[in-house]
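Pasting upload-v7.cif here (mmCIF, C-alpha atoms):
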```
data_final
loop_
_atom_site.label_atom_id
_atom_site.label_comp_id
_atom_site.auth_asym_id
_atom_site.auth_seq_id
_atom_site.Cartn_x
_atom_site.Cartn_y
_atom_site.Cartn_z
CA MET M 1 0.00 0.00 0.00
CA GLN M 2 1.34 3.40 -0.98
CA VAL M 3 0.37 6.54 0.92
CA SER M 4 1.02 10.22 0.29
CA VAL M 5 -0.31 13.10 2.39
CA GLU M 6 -0.91 16.70 1.36
CA THR M 7 -1.69 19.50 3.83
CA LYS M 8 -4.56 21.58 2.38
CA SER M 9 -5.10 23.92 5.35
CA ALA M 10 -4.43 24.15 9.08
CA LEU M 11 -6.59 21.08 9.73
CA GLU M 12 -7.49 19.58 6.35
CA ARG M 13 -5.42 16.70 5.01
CA GLN M 14 -5.70 14.99 1.63
CA MET M 15 -4.35 11.46 1.59
CA THR M 16 -3.82 9.51 -1.63
CA ILE M 17 -3.80 5.75 -1.07
CA THR M 18 -2.92 3.08 -3.60
CA ILE M 19 -3.95 -0.53 -2.92
CA PRO M 20 -2.20 -3.31 -4.89
CA ALA M 21 -4.51 -5.12 -7.30
CA ASP M 22 -3.62 -8.55 -5.89
CA ARG M 23 -4.93 -7.58 -2.43
CA ILE M 24 -8.32 -6.79 -3.95
CA ASP M 25 -8.31 -9.74 -6.35
CA ASN M 26 -7.35 -12.28 -3.66
CA ASP M 27 -10.20 -11.19 -1.42
CA VAL M 28 -12.64 -11.24 -4.35
CA VAL M 29 -11.63 -14.83 -5.18
CA LYS M 30 -12.14 -15.87 -1.55
CA GLN M 31 -15.59 -14.26 -1.46
CA VAL M 32 -16.60 -15.88 -4.77
CA GLN M 33 -15.54 -19.28 -3.41
CA GLN M 34 -17.45 -18.67 -0.18
CA THR M 35 -20.55 -17.64 -2.15
CA ALA M 36 -20.29 -20.73 -4.36
CA ARG M 37 -20.56 -22.97 -1.29
CA THR M 38 -23.78 -21.38 -0.07
CA VAL M 39 -25.61 -19.89 -3.07
CA ARG M 40 -28.60 -21.65 -4.65
CA ILE M 41 -28.98 -21.44 -8.44
CA ASP M 42 -31.54 -23.42 -10.47
CA GLY M 43 -29.96 -26.31 -12.35
CA PHE M 44 -27.10 -26.82 -9.90
CA ARG M 45 -26.88 -28.82 -6.69
CA PRO M 46 -26.08 -26.84 -3.49
CA GLY M 47 -22.32 -26.38 -3.19
CA LYS M 48 -21.72 -27.50 -6.79
CA VAL M 49 -22.24 -24.19 -8.60
CA PRO M 50 -19.22 -23.53 -10.91
CA LEU M 51 -17.06 -20.55 -9.90
CA LYS M 52 -17.44 -19.04 -13.38
CA VAL M 53 -21.21 -18.96 -12.97
CA VAL M 54 -20.95 -17.34 -9.54
CA GLN M 55 -18.38 -14.87 -10.85
CA LYS M 56 -20.58 -13.87 -13.77
CA ARG M 57 -23.72 -13.42 -11.70
CA TYR M 58 -22.33 -12.03 -8.44
CA GLY M 59 -18.79 -10.96 -9.21
CA ALA M 60 -19.48 -7.22 -9.66
CA GLY M 61 -21.36 -6.94 -6.37
CA ILE M 62 -18.78 -9.01 -4.51
CA ARG M 63 -15.96 -6.84 -5.82
CA GLN M 64 -17.81 -3.68 -4.81
CA ASP M 65 -18.23 -4.99 -1.25
CA VAL M 66 -14.59 -6.08 -1.07
CA VAL M 67 -13.33 -2.72 -2.35
CA GLY M 68 -15.51 -0.85 0.16
CA GLU M 69 -14.25 -2.95 3.07
CA ILE M 70 -10.58 -2.71 2.02
CA LEU M 71 -10.91 1.06 1.48
CA GLN M 72 -12.04 1.44 5.08
CA GLN M 73 -9.26 -0.83 6.37
CA SER M 74 -6.65 0.93 4.25
CA PHE M 75 -7.69 4.39 5.43
CA TYR M 76 -7.26 3.50 9.10
CA GLU M 77 -3.99 1.67 8.39
CA ALA M 78 -2.76 4.77 6.55
CA VAL M 79 -3.64 7.29 9.28
CA GLN M 80 -1.89 5.09 11.84
CA GLN M 81 1.13 4.81 9.58
CA GLU M 82 1.23 8.60 9.11
CA LYS M 83 0.48 9.21 12.81
CA LEU M 84 -2.62 11.30 12.06
CA ILE M 85 -5.76 11.54 14.22
CA PRO M 86 -8.88 12.22 12.12
CA ALA M 87 -11.46 14.53 13.69
CA GLY M 88 -14.22 12.98 11.60
CA GLY M 89 -14.93 10.54 8.80
CA PRO M 90 -13.17 11.06 5.45
CA SER M 91 -14.63 12.15 2.13
CA ILE M 92 -13.63 9.51 -0.46
CA GLU M 93 -12.91 10.17 -4.14
CA MET M 94 -12.09 7.15 -6.32
CA LYS M 95 -9.29 7.71 -8.84
CA THR M 96 -8.83 4.15 -10.19
CA ASP M 97 -11.22 1.24 -9.65
CA GLU M 98 -10.87 -1.42 -12.35
CA ALA M 99 -10.51 -5.18 -12.04
CA GLY M 100 -6.90 -6.27 -12.38
CA LYS M 101 -5.51 -2.79 -11.65
CA ASP M 102 -4.28 -1.11 -8.50
CA VAL M 103 -7.05 0.76 -6.73
CA GLU M 104 -6.31 4.41 -5.99
CA PHE M 105 -8.46 6.78 -3.95
CA ILE M 106 -8.20 10.15 -2.24
CA ALA M 107 -9.40 10.57 1.34
CA THR M 108 -9.99 14.13 2.50
CA PHE M 109 -10.45 14.71 6.23
CA GLU M 110 -9.67 17.03 9.13
CA VAL M 111 -7.29 16.35 11.99
CA TYR M 112 -7.34 17.65 15.54
CA PRO M 113 -5.44 20.92 16.03
CA GLU M 114 -2.05 20.92 17.69
CA ILE M 115 -2.42 22.92 20.89
CA ASP M 116 0.34 24.70 22.78
CA LEU M 117 -1.42 26.08 25.83
CA ALA M 118 -0.68 29.72 26.64
CA ASP M 119 0.47 30.80 30.10
CA PHE M 120 -2.53 31.42 32.37
CA SER M 121 -0.62 33.35 35.04
CA ASP M 122 -1.50 36.81 33.70
CA VAL M 123 -5.23 36.07 33.56
CA GLU M 124 -7.42 37.96 36.04
CA ILE M 125 -10.53 36.22 37.36
CA ALA M 126 -13.29 37.89 39.38
CA LYS M 127 -14.59 35.29 41.82
CA GLU M 128 -17.89 36.07 43.53
CA THR M 129 -18.47 34.96 47.12
CA SER M 130 -21.65 35.26 49.17
CA GLU M 131 -23.30 34.35 52.44
CA ILE M 132 -26.98 33.75 53.18
CA SER M 133 -28.44 36.04 55.83
CA ALA M 134 -31.48 35.49 58.01
CA ALA M 135 -33.23 38.18 55.96
CA ASP M 136 -32.53 36.21 52.77
CA VAL M 137 -34.13 33.12 54.31
CA ASP M 138 -37.16 35.12 55.50
CA GLN M 139 -37.58 36.59 52.04
CA MET M 140 -37.42 33.13 50.47
CA VAL M 141 -40.04 31.80 52.90
CA GLU M 142 -42.28 34.72 51.96
CA THR M 143 -41.72 33.99 48.27
CA LEU M 144 -42.72 30.36 48.84
CA ARG M 145 -45.86 31.54 50.64
CA LYS M 146 -46.78 33.80 47.71
CA GLN M 147 -46.37 30.84 45.34
CA GLN M 148 -49.16 29.11 47.30
CA THR M 149 -51.45 32.14 47.40
CA GLU M 150 -55.17 31.40 47.38
CA TRP M 151 -57.53 33.87 45.69
CA SER M 152 -61.03 34.77 46.83
CA GLU M 153 -63.42 36.87 44.75
CA VAL M 154 -64.60 40.14 46.30
CA LYS M 155 -67.27 42.69 45.33
CA ARG M 156 -65.34 45.80 46.36
CA ALA M 157 -63.18 48.08 44.23
CA ALA M 158 -59.76 46.79 43.16
CA LYS M 159 -56.70 47.65 45.24
CA ASP M 160 -52.98 47.03 45.06
CA GLY M 161 -52.16 43.31 45.36
CA ASP M 162 -55.49 42.11 43.98
CA LYS M 163 -55.86 39.85 40.96
CA VAL M 164 -58.17 41.32 38.35
CA VAL M 165 -59.51 39.46 35.31
CA LEU M 166 -59.75 42.05 32.53
CA ASP M 167 -61.20 42.49 29.06
CA PHE M 168 -59.62 45.41 27.20
CA GLU M 169 -58.99 46.90 23.79
CA GLY M 170 -56.44 49.59 22.96
CA PHE M 171 -56.92 52.58 20.65
CA ILE M 172 -54.67 55.26 19.25
CA GLY M 173 -57.06 58.03 18.38
CA ASP M 174 -60.11 56.24 17.01
CA GLU M 175 -58.13 53.32 15.57
CA ALA M 176 -57.76 50.00 17.40
CA PHE M 177 -54.16 48.78 17.11
CA GLU M 178 -52.89 45.25 16.55
CA GLY M 179 -51.98 43.36 19.71
CA GLY M 180 -53.92 45.76 21.94
CA LYS M 181 -56.86 43.47 22.68
CA GLY M 182 -57.17 41.02 25.53
CA GLU M 183 -59.98 38.89 26.94
CA GLY M 184 -59.97 37.25 30.36
CA VAL M 185 -56.45 38.48 31.12
CA ASP M 186 -55.21 37.80 34.68
CA LEU M 187 -53.46 40.86 36.09
CA ILE M 188 -51.99 41.12 39.59
CA LEU M 189 -51.96 44.79 40.53
CA GLY M 190 -48.48 45.87 41.61
CA SER M 191 -46.72 43.23 39.54
CA ASN M 192 -45.56 45.86 37.01
CA SER M 193 -46.20 43.39 34.20
CA MET M 194 -47.96 46.01 32.05
CA ILE M 195 -46.72 49.31 30.64
CA PRO M 196 -46.38 52.18 33.16
CA GLY M 197 -49.71 53.64 34.23
CA PHE M 198 -51.86 50.66 33.19
CA GLU M 199 -52.10 48.93 36.57
CA ASP M 200 -52.47 52.19 38.50
CA ALA M 201 -55.54 53.01 36.40
CA VAL M 202 -57.24 49.74 37.42
CA ILE M 203 -56.94 50.47 41.14
CA GLY M 204 -60.27 51.74 42.51
CA LYS M 205 -62.36 50.29 39.68
CA LYS M 206 -65.27 47.88 40.21
CA ILE M 207 -66.44 44.90 38.21
CA ALA M 208 -68.72 45.11 35.17
CA LYS M 209 -68.17 48.83 34.64
CA GLU M 210 -66.22 49.97 31.59
CA PHE M 211 -63.44 52.50 32.21
CA ASP M 212 -60.60 54.10 30.28
CA ILE M 213 -56.93 53.49 30.86
CA LYS M 214 -54.81 56.30 29.42
CA VAL M 215 -51.15 55.47 28.90
CA THR M 216 -48.12 56.53 26.90
CA PHE M 217 -45.99 53.77 25.41
CA PRO M 218 -42.29 53.99 26.39
CA ASP M 219 -39.84 55.30 23.79
CA ASP M 220 -38.03 51.95 23.90
CA TYR M 221 -41.18 49.82 23.48
CA GLN M 222 -40.60 46.71 21.35
CA ALA M 223 -43.31 47.52 18.77
CA GLU M 224 -41.94 50.24 16.51
CA ASN M 225 -45.39 51.62 15.62
CA LEU M 226 -46.27 52.19 19.29
CA LYS M 227 -43.09 53.83 20.61
CA GLY M 228 -43.92 57.07 22.44
CA LYS M 229 -47.57 56.96 21.34
CA GLU M 230 -50.48 57.94 23.61
CA ALA M 231 -53.18 55.28 23.81
CA VAL M 232 -56.50 54.62 25.51
CA PHE M 233 -57.62 51.14 26.58
CA LYS M 234 -61.34 50.51 26.96
CA ALA M 235 -61.38 48.06 29.88
CA THR M 236 -63.84 46.08 32.00
CA ALA M 237 -63.03 44.16 35.17
CA LYS M 238 -64.79 40.80 35.06
CA THR M 239 -63.68 39.63 38.52
CA ILE M 240 -61.61 40.98 41.41
CA SER M 241 -59.92 38.59 43.85
CA GLU M 242 -57.93 39.26 46.99
CA PRO M 243 -54.96 37.12 48.10
CA THR M 244 -54.80 34.95 51.17
CA LEU M 245 -51.35 33.67 52.14
CA PRO M 246 -51.20 30.16 53.64
CA GLU M 247 -50.32 29.52 57.27
CA LEU M 248 -46.75 28.42 57.97
CA ASN M 249 -47.63 24.97 59.32
CA GLU M 250 -46.80 21.32 58.65
CA GLU M 251 -49.33 21.14 55.80
CA PHE M 252 -47.55 24.03 54.10
CA PHE M 253 -44.08 22.54 54.72
CA LYS M 254 -45.09 19.23 53.12
CA LYS M 255 -46.04 20.99 49.88
CA PHE M 256 -42.31 21.53 49.36
CA GLY M 257 -41.34 17.97 50.21
CA MET M 258 -40.09 18.86 53.68
CA ASP M 259 -40.94 17.05 56.90
CA SER M 260 -40.21 20.12 59.04
CA ALA M 261 -42.07 20.10 62.35
CA ASP M 262 -41.94 23.86 62.93
CA LEU M 263 -40.99 27.13 61.25
CA GLU M 264 -37.40 27.14 62.49
CA SER M 265 -36.63 23.67 61.13
CA PHE M 266 -38.37 24.64 57.88
CA LYS M 267 -36.13 27.69 57.61
CA THR M 268 -33.11 25.46 58.21
CA ASP M 269 -34.17 23.19 55.35
CA VAL M 270 -34.87 26.18 53.11
CA GLU M 271 -31.44 27.62 53.87
CA LYS M 272 -29.79 24.32 52.92
CA ASN M 273 -31.53 24.41 49.55
CA MET M 274 -30.63 28.06 49.07
CA SER M 275 -27.01 27.30 49.91
CA ARG M 276 -26.94 24.44 47.42
CA GLU M 277 -28.44 26.64 44.69
CA MET M 278 -26.09 29.51 45.47
CA SER M 279 -23.04 27.25 45.45
CA GLN M 280 -23.97 25.80 42.05
CA SER M 281 -24.64 29.27 40.62
CA LEU M 282 -21.32 30.73 41.82
CA LYS M 283 -19.47 27.65 40.65
CA GLY M 284 -21.14 27.82 37.22
CA LYS M 285 -20.33 31.52 36.75
CA LEU M 286 -16.72 30.96 37.78
CA LYS M 287 -16.40 28.03 35.37
CA ASP M 288 -17.87 30.04 32.48
CA GLN M 289 -15.45 32.88 33.17
CA VAL M 290 -12.41 30.60 33.34
CA PHE M 291 -13.35 28.79 30.13
CA ALA M 292 -14.01 32.10 28.37
CA LYS M 293 -10.51 33.25 29.32
CA LEU M 294 -9.07 29.91 28.21
CA VAL M 295 -10.67 30.29 24.77
CA GLU M 296 -9.66 33.95 24.53
CA LEU M 297 -6.05 33.09 25.37
CA ASN M 298 -5.78 30.11 23.02
CA ALA M 299 -6.98 30.84 19.51
CA ILE M 300 -7.33 27.45 17.85
CA ALA M 301 -8.86 26.21 14.62
CA VAL M 302 -11.75 23.82 15.23
CA PRO M 303 -12.63 20.83 13.01
CA THR M 304 -15.80 21.35 10.99
CA ALA M 305 -16.97 17.80 11.70
CA LEU M 306 -16.90 18.43 15.46
CA VAL M 307 -18.70 21.77 15.08
CA ASP M 308 -21.39 20.20 12.88
CA GLY M 309 -21.89 17.45 15.45
CA GLU M 310 -22.25 19.99 18.24
CA ILE M 311 -24.70 22.05 16.16
CA ASP M 312 -26.88 18.95 15.79
CA ASN M 313 -26.73 18.40 19.57
CA LEU M 314 -27.81 21.99 20.20
CA ARG M 315 -30.64 21.75 17.66
CA LYS M 316 -31.91 18.55 19.28
CA GLN M 317 -31.81 20.22 22.71
CA ALA M 318 -33.74 23.20 21.36
CA VAL M 319 -36.44 20.95 19.88
CA GLN M 320 -36.75 19.06 23.17
CA GLN M 321 -36.89 22.26 25.19
CA TYR M 322 -39.38 24.18 23.08
CA GLY M 323 -41.14 21.44 21.15
CA GLY M 324 -41.56 18.92 23.92
CA GLN M 325 -40.39 15.33 24.03
CA GLY M 326 -43.56 14.06 22.44
CA ALA M 327 -43.66 16.54 19.59
CA ASN M 328 -42.82 15.03 16.22
CA LEU M 329 -40.46 17.82 15.23
CA ASP M 330 -37.41 17.54 13.00
CA PHE M 331 -34.43 19.37 14.48
CA ASN M 332 -33.15 19.95 10.92
CA MET M 333 -35.88 22.61 10.59
CA LEU M 334 -33.76 24.91 12.76
CA PRO M 335 -31.09 26.84 10.79
CA LYS M 336 -27.53 25.75 11.57
CA GLU M 337 -26.48 29.41 11.68
CA MET M 338 -28.47 29.89 14.89
CA PHE M 339 -26.07 27.64 16.77
CA THR M 340 -22.74 28.03 14.94
CA ASP M 341 -21.05 30.44 17.37
CA GLN M 342 -22.16 28.50 20.43
CA ALA M 343 -21.07 25.21 18.87
CA LYS M 344 -17.63 26.60 17.97
CA ARG M 345 -17.15 27.80 21.52
CA ARG M 346 -18.18 24.45 23.00
CA VAL M 347 -15.80 22.57 20.70
CA SER M 348 -12.97 25.02 21.50
CA VAL M 349 -13.55 24.61 25.23
CA GLY M 350 -13.69 20.82 24.92
CA LEU M 351 -10.42 20.60 22.96
CA LEU M 352 -8.61 23.00 25.29
CA VAL M 353 -9.86 21.25 28.43
CA GLN M 354 -8.70 17.90 27.05
CA GLU M 355 -5.28 19.41 26.42
CA VAL M 356 -5.11 20.71 30.01
CA ILE M 357 -6.05 17.23 31.25
CA LYS M 358 -3.46 15.52 29.05
CA SER M 359 -0.66 18.01 29.68
CA ASN M 360 -1.08 17.86 33.45
CA GLU M 361 -2.10 14.17 33.70
CA ILE M 362 -5.27 15.07 35.60
CA LYS M 363 -7.32 12.12 36.82
CA ALA M 364 -10.54 12.07 38.81
CA ASP M 365 -9.86 12.30 42.54
CA ASP M 366 -11.70 9.42 44.22
CA GLU M 367 -12.54 11.41 47.36
CA ARG M 368 -14.02 14.26 45.32
CA VAL M 369 -16.04 11.78 43.29
CA ARG M 370 -17.55 10.30 46.45
CA SER M 371 -18.23 13.68 48.06
CA THR M 372 -19.89 14.90 44.85
CA ILE M 373 -22.16 11.85 44.73
CA GLU M 374 -22.98 12.17 48.43
CA GLU M 375 -23.87 15.83 47.96
CA MET M 376 -26.14 14.99 45.03
CA ALA M 377 -27.75 12.22 47.07
CA GLN M 378 -28.76 14.59 49.87
CA THR M 379 -31.74 15.80 47.84
CA TYR M 380 -33.24 12.29 47.86
CA GLN M 381 -35.18 10.50 50.58
CA ASP M 382 -32.63 7.68 50.93
CA PRO M 383 -29.16 9.14 50.23
CA LYS M 384 -27.31 5.86 50.86
CA GLU M 385 -29.40 4.04 48.28
CA VAL M 386 -28.58 6.74 45.73
CA VAL M 387 -24.84 6.55 46.48
CA ASP M 388 -24.89 2.76 46.10
CA HIS M 389 -26.78 3.09 42.81
CA TYR M 390 -24.13 5.42 41.38
CA TYR M 391 -21.32 3.06 42.34
CA SER M 392 -23.13 0.10 40.78
CA ASN M 393 -23.70 1.89 37.45
CA ASP M 394 -20.54 2.56 35.41
CA ASP M 395 -22.20 5.06 33.09
CA MET M 396 -23.51 7.21 35.94
CA LEU M 397 -20.23 6.94 37.83
CA ASN M 398 -18.24 8.00 34.77
CA GLN M 399 -20.51 11.02 34.32
CA VAL M 400 -19.66 12.15 37.85
CA LYS M 401 -15.96 11.49 37.24
CA SER M 402 -16.13 13.73 34.17
CA LEU M 403 -17.69 16.52 36.26
CA VAL M 404 -15.00 16.11 38.93
CA ILE M 405 -12.21 16.21 36.33
CA GLU M 406 -13.73 19.41 34.94
CA ASP M 407 -13.68 20.89 38.46
CA GLN M 408 -10.05 19.84 38.84
CA VAL M 409 -9.22 21.56 35.54
CA ILE M 410 -10.82 24.76 36.87
CA ASP M 411 -8.80 24.46 40.10
CA HIS M 412 -5.60 23.90 38.13
CA LEU M 413 -6.14 26.98 35.97
CA LEU M 414 -7.15 29.14 38.95
CA SER M 415 -4.01 28.08 40.82
CA SER M 416 -1.91 30.04 38.35
CA ALA M 417 -4.33 32.92 37.64
CA LYS M 418 -4.84 36.18 39.53
CA VAL M 419 -8.08 35.64 41.44
CA ASN M 420 -9.91 38.65 42.89
CA GLU M 421 -12.73 37.77 45.28
CA THR M 422 -15.80 40.00 45.47
CA ALA M 423 -18.55 39.61 48.07
CA VAL M 424 -22.06 39.89 46.60
CA SER M 425 -25.61 39.53 47.91
CA TYR M 426 -27.52 36.27 47.69
CA GLU M 427 -29.77 37.69 44.95
CA GLU M 428 -26.71 38.72 42.94
CA ALA M 429 -25.05 35.35 43.56
CA ILE M 430 -27.90 33.33 42.08
CA LYS M 431 -28.40 35.68 39.13
CA PRO M 432 -27.16 34.05 35.89
CA ALA M 433 -24.20 35.69 34.20
CA ALA M 434 -24.29 36.68 30.55
CA GLN M 435 -23.09 33.76 28.44
CA PRO M 436 -19.56 34.37 27.12
CA GLN M 437 -19.07 34.31 23.38
CA ALA M 438 -15.98 32.96 21.72
CA GLU M 439 -14.01 35.41 19.62
CA ASP M 440 -14.72 34.76 15.96
CA GLU M 441 -11.06 34.85 15.07
CA ALA M 442 -10.33 32.17 17.66
CA ASN M 443 -12.17 29.68 15.54
CA GLU M 444 -10.96 30.69 12.11
CA GLU M 445 -8.23 28.86 10.35
#
```
structure tokens encoding of this file:
Amino acid sequence: MQVSVETKSALERQMTITIPADRIDNDVVKQVQQTARTVRIDGFRPGKVPLKVVQKRYGAGIRQDVVGEILQQSFYEAVQQEKLIPAGGPSIEMKTDEAGKDVEFIATFEVYPEIDLADFSDVEIAKETSEISAADVDQMVETLRKQQTEWSEVKRAAKDGDKVVLDFEGFIGDEAFEGGKGEGVDLILGSNSMIPGFEDAVIGKKIAKEFDIKVTFPDDYQAENLKGKEAVFKATAKTISEPTLPELNEEFFKKFGMDSADLESFKTDVEKNMSREMSQSLKGKLKDQVFAKLVELNAIAVPTALVDGEIDNLRKQAVQQYGGQGANLDFNMLPKEMFTDQAKRRVSVGLLVQEVIKSNEIKADDERVRSTIEEMAQTYQDPKEVVDHYYSNDDMLNQVKSLVIEDQVIDHLLSSAKVNETAVSYEEAIKPAAQPQAEDEANEE
């Protein structure tokens, strides 16, 4: 077998492979003989069909199968011989494919980029820290109470905090405008879910009596034709309901899956959940920041095959998220361009993280694996059963090991970076950070 390699770009390789004719012919003869022993043809006894008859009837198909199989074998033999690591399957172009002649084909494919990690010591990282106060816990308990609010209809005029079911239609001058009509709309007064002035105008109104709501649309309103315009909504309150917050008792605690006996133990459980959420949020924001810096510092070309694969993953996730698991939607309906930048960044991060792991021989720390599983298990009724289940399932255990290795990569990079800690409130700590975007030039060849 003869092999020659041509570098077409930073990642693309074009390999010309020549396979000796006798390698193809010998395998074809063997397959013809094998077929002759098993094939059934009218006029011949089983196993007694002449080779010439088999060759004439099945020879072309047999040769095609043999060539296809040997092409695949030859490609992988060639990349091993040339010490290349393909980042995806090759595109094959046949140059010569005739019986009795050497077979020649061209395989075009991408390889993984060579990565020389840049020094991380000059990188500055802003690490948020936070603590949960008693006031934070009280506020969360109140939020949970509001989630369980019960509404009772009243006959009085509407006041702040009430829920009003409204019918309305908006006009600019004498013309009704598109999108300005609503029927049976639930509106909680004080929620600020409508444009300024709308909710205030409902306060003091009674049911079944039409009234006007005069407003001015903000200059930055999303609908271009309504920006800065004065409008009047003809509105009628169909029902008015006042809120009743539930009592903080065992019945209320059980609605959140907690067996708390009293308010103090409930607050303790709530604080544990808040702490877990806050820890995950801070950890996630720190990880995103470190990976963004890693990508920014190491501009690498990314293989198209890997990006295309990641785009498909993102499209499938989008269909599942917005279309529902049961919806018969084809993810190919979503344009690839919607996900290209995100896919490139994910591939860049993955390649760089793998290089950090390889360069520093990072392996999952067994103690961290166990502590991670035990922490995850605390949210279940029987934590020990969950821990045992993880350790009896290789796939689940390996998923946790991957997470731990990722954490160890973050720790390794932070150990050489300049880390500036900033204390923030609980609300700020759990607020998602803006998703970092990879620099376009970092992914160009």
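Distances here use all atoms listed in the file; by that measure, the residue among M:Ser191, M:Thr268, M:Gln148, M:Gln72 closest to M:Thr244 is M:Gln148.
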Mind checking which residues fall within 9 Å of stretch 32-48 of chain M, counting all atoms listed in the file, ignoring those fewer than 6 positions away in the same chain, and posting them as a ChimeraX atom specification? /M:54-55,58-59,62
Shortest contact to M:Asp97, candidates M:Leu11, M:Ile125, M:Ile19, M:Leu189, atoms counted all atoms listed in the file, goes to M:Ile19
For a test of reading the model, state the distance in Å between atom CA of M:Phe177 and atom CA of M:Val215, rounded to one decimal. 13.9 Å
For M:Ala235, which of M:Gly184, M:Gly100, M:Pro218, M:Pro432 is the closest residue, counting only C-alpha atoms? M:Gly184
Tell me, as a VMD selection string, which residues lie within 7 Å of M:Phe339, counting only C-alpha atoms; anything in the same chain fewer than 3 positions away does not count. chain M and resid 311 314 336 342 to 343
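Using all atoms listed in the file for every distance, the candidate list M:Ser348, M:Thr216, M:Gln80, M:Thr340 yields M:Ser348 as the residue closest to M:Ala301.
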Identify the residues within 10 Å of coordinate (-19.1, 15.0, 21.3) (same frame as the file), considering only C-alpha atoms, and give the answer as an MDAnalysis selection string. chainID M and resid 306:307 309:310 313 346:347 350
Hey, what's within 12 Å of M:Tyr390 if we count all atoms listed in the file and toss same-chain stuff fewer than 2 positions away? As a JSON list (two decimals) with C-alpha atoms, in the frame of the given file, please?
```
[["chain", "number", "residue", "atom", "x", "y", "z"],
["M", 369, "VAL", "CA", -16.04, 11.78, 43.29],
["M", 370, "ARG", "CA", -17.55, 10.30, 46.45],
["M", 372, "THR", "CA", -19.89, 14.90, 44.85],
["M", 373, "ILE", "CA", -22.16, 11.85, 44.73],
["M", 374, "GLU", "CA", -22.98, 12.17, 48.43],
["M", 376, "MET", "CA", -26.14, 14.99, 45.03],
["M", 377, "ALA", "CA", -27.75, 12.22, 47.07],
["M", 383, "PRO", "CA", -29.16, 9.14, 50.23],
["M", 384, "LYS", "CA", -27.31, 5.86, 50.86],
["M", 385, "GLU", "CA", -29.40, 4.04, 48.28],
["M", 386, "VAL", "CA", -28.58, 6.74, 45.73],
["M", 387, "VAL", "CA", -24.84, 6.55, 46.48],
["M", 388, "ASP", "CA", -24.89, 2.76, 46.10],
["M", 392, "SER", "CA", -23.13, 0.10, 40.78],
["M", 393, "ASN", "CA", -23.70, 1.89, 37.45],
["M", 394, "ASP", "CA", -20.54, 2.56, 35.41],
["M", 395, "ASP", "CA", -22.20, 5.06, 33.09],
["M", 396, "MET", "CA", -23.51, 7.21, 35.94],
["M", 397, "LEU", "CA", -20.23, 6.94, 37.83],
["M", 398, "ASN", "CA", -18.24, 8.00, 34.77],
["M", 399, "GLN", "CA", -20.51, 11.02, 34.32],
["M", 400, "VAL", "CA", -19.66, 12.15, 37.85],
["M", 401, "LYS", "CA", -15.96, 11.49, 37.24]]
```
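Closest to M:Asp330 among M:Arg315, M:Lys127, M:Lys95, M:Lys285 is M:Arg315, based on only C-alpha atoms.
The space between atom CA of M:Asp312 and atom CA of M:Glu296 spans 24.5 Å.
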Would you write out, as a PyMOL selection string, every residue that the PyMOL selection byres ((chain M and resi 195) around 12) captures in this file? chain M and resi 180+190-194+196-201+213-222+226-228+230-231+233
Once you have the residues from the selection above, write them out as a PDB file, keeping the file's coordinate frame, restricted to C-alpha atoms.
```pdb
ATOM      1  CA  GLY M 180     -53.920  45.760  21.940  1.00  0.00           C
ATOM      2  CA  GLY M 190     -48.480  45.870  41.610  1.00  0.00           C
ATOM      3  CA  SER M 191     -46.720  43.230  39.540  1.00  0.00           C
ATOM      4  CA  ASN M 192     -45.560  45.860  37.010  1.00  0.00           C
ATOM      5  CA  SER M 193     -46.200  43.390  34.200  1.00  0.00           C
ATOM      6  CA  MET M 194     -47.960  46.010  32.050  1.00  0.00           C
ATOM      7  CA  PRO M 196     -46.380  52.180  33.160  1.00  0.00           C
ATOM      8  CA  GLY M 197     -49.710  53.640  34.230  1.00  0.00           C
ATOM      9  CA  PHE M 198     -51.860  50.660  33.190  1.00  0.00           C
ATOM     10  CA  GLU M 199     -52.100  48.930  36.570  1.00  0.00           C
ATOM     11  CA  ASP M 200     -52.470  52.190  38.500  1.00  0.00           C
ATOM     12  CA  ALA M 201     -55.540  53.010  36.400  1.00  0.00           C
ATOM     13  CA  ILE M 213     -56.930  53.490  30.860  1.00  0.00           C
ATOM     14  CA  LYS M 214     -54.810  56.300  29.420  1.00  0.00           C
ATOM     15  CA  VAL M 215     -51.150  55.470  28.900  1.00  0.00           C
ATOM     16  CA  THR M 216     -48.120  56.530  26.900  1.00  0.00           C
ATOM     17  CA  PHE M 217     -45.990  53.770  25.410  1.00  0.00           C
ATOM     18  CA  PRO M 218     -42.290  53.990  26.390  1.00  0.00           C
ATOM     19  CA  ASP M 219     -39.840  55.300  23.790  1.00  0.00           C
ATOM     20  CA  ASP M 220     -38.030  51.950  23.900  1.00  0.00           C
ATOM     21  CA  TYR M 221     -41.180  49.820  23.480  1.00  0.00           C
ATOM     22  CA  GLN M 222     -40.600  46.710  21.350  1.00  0.00           C
ATOM     23  CA  LEU M 226     -46.270  52.190  19.290  1.00  0.00           C
ATOM     24  CA  LYS M 227     -43.090  53.830  20.610  1.00  0.00           C
ATOM     25  CA  GLY M 228     -43.920  57.070  22.440  1.00  0.00           C
ATOM     26  CA  GLU M 230     -50.480  57.940  23.610  1.00  0.00           C
ATOM     27  CA  ALA M 231     -53.180  55.280  23.810  1.00  0.00           C
ATOM     28  CA  PHE M 233     -57.620  51.140  26.580  1.00  0.00           C
TER      29      PHE M 233
END
```
Could you list, as a ChimeraX atom specification, every residue matched by the PyMOL selection byres ((chain M and resi 150) around 12) in this structure? /M:145-149,151-153,162-163,241-247
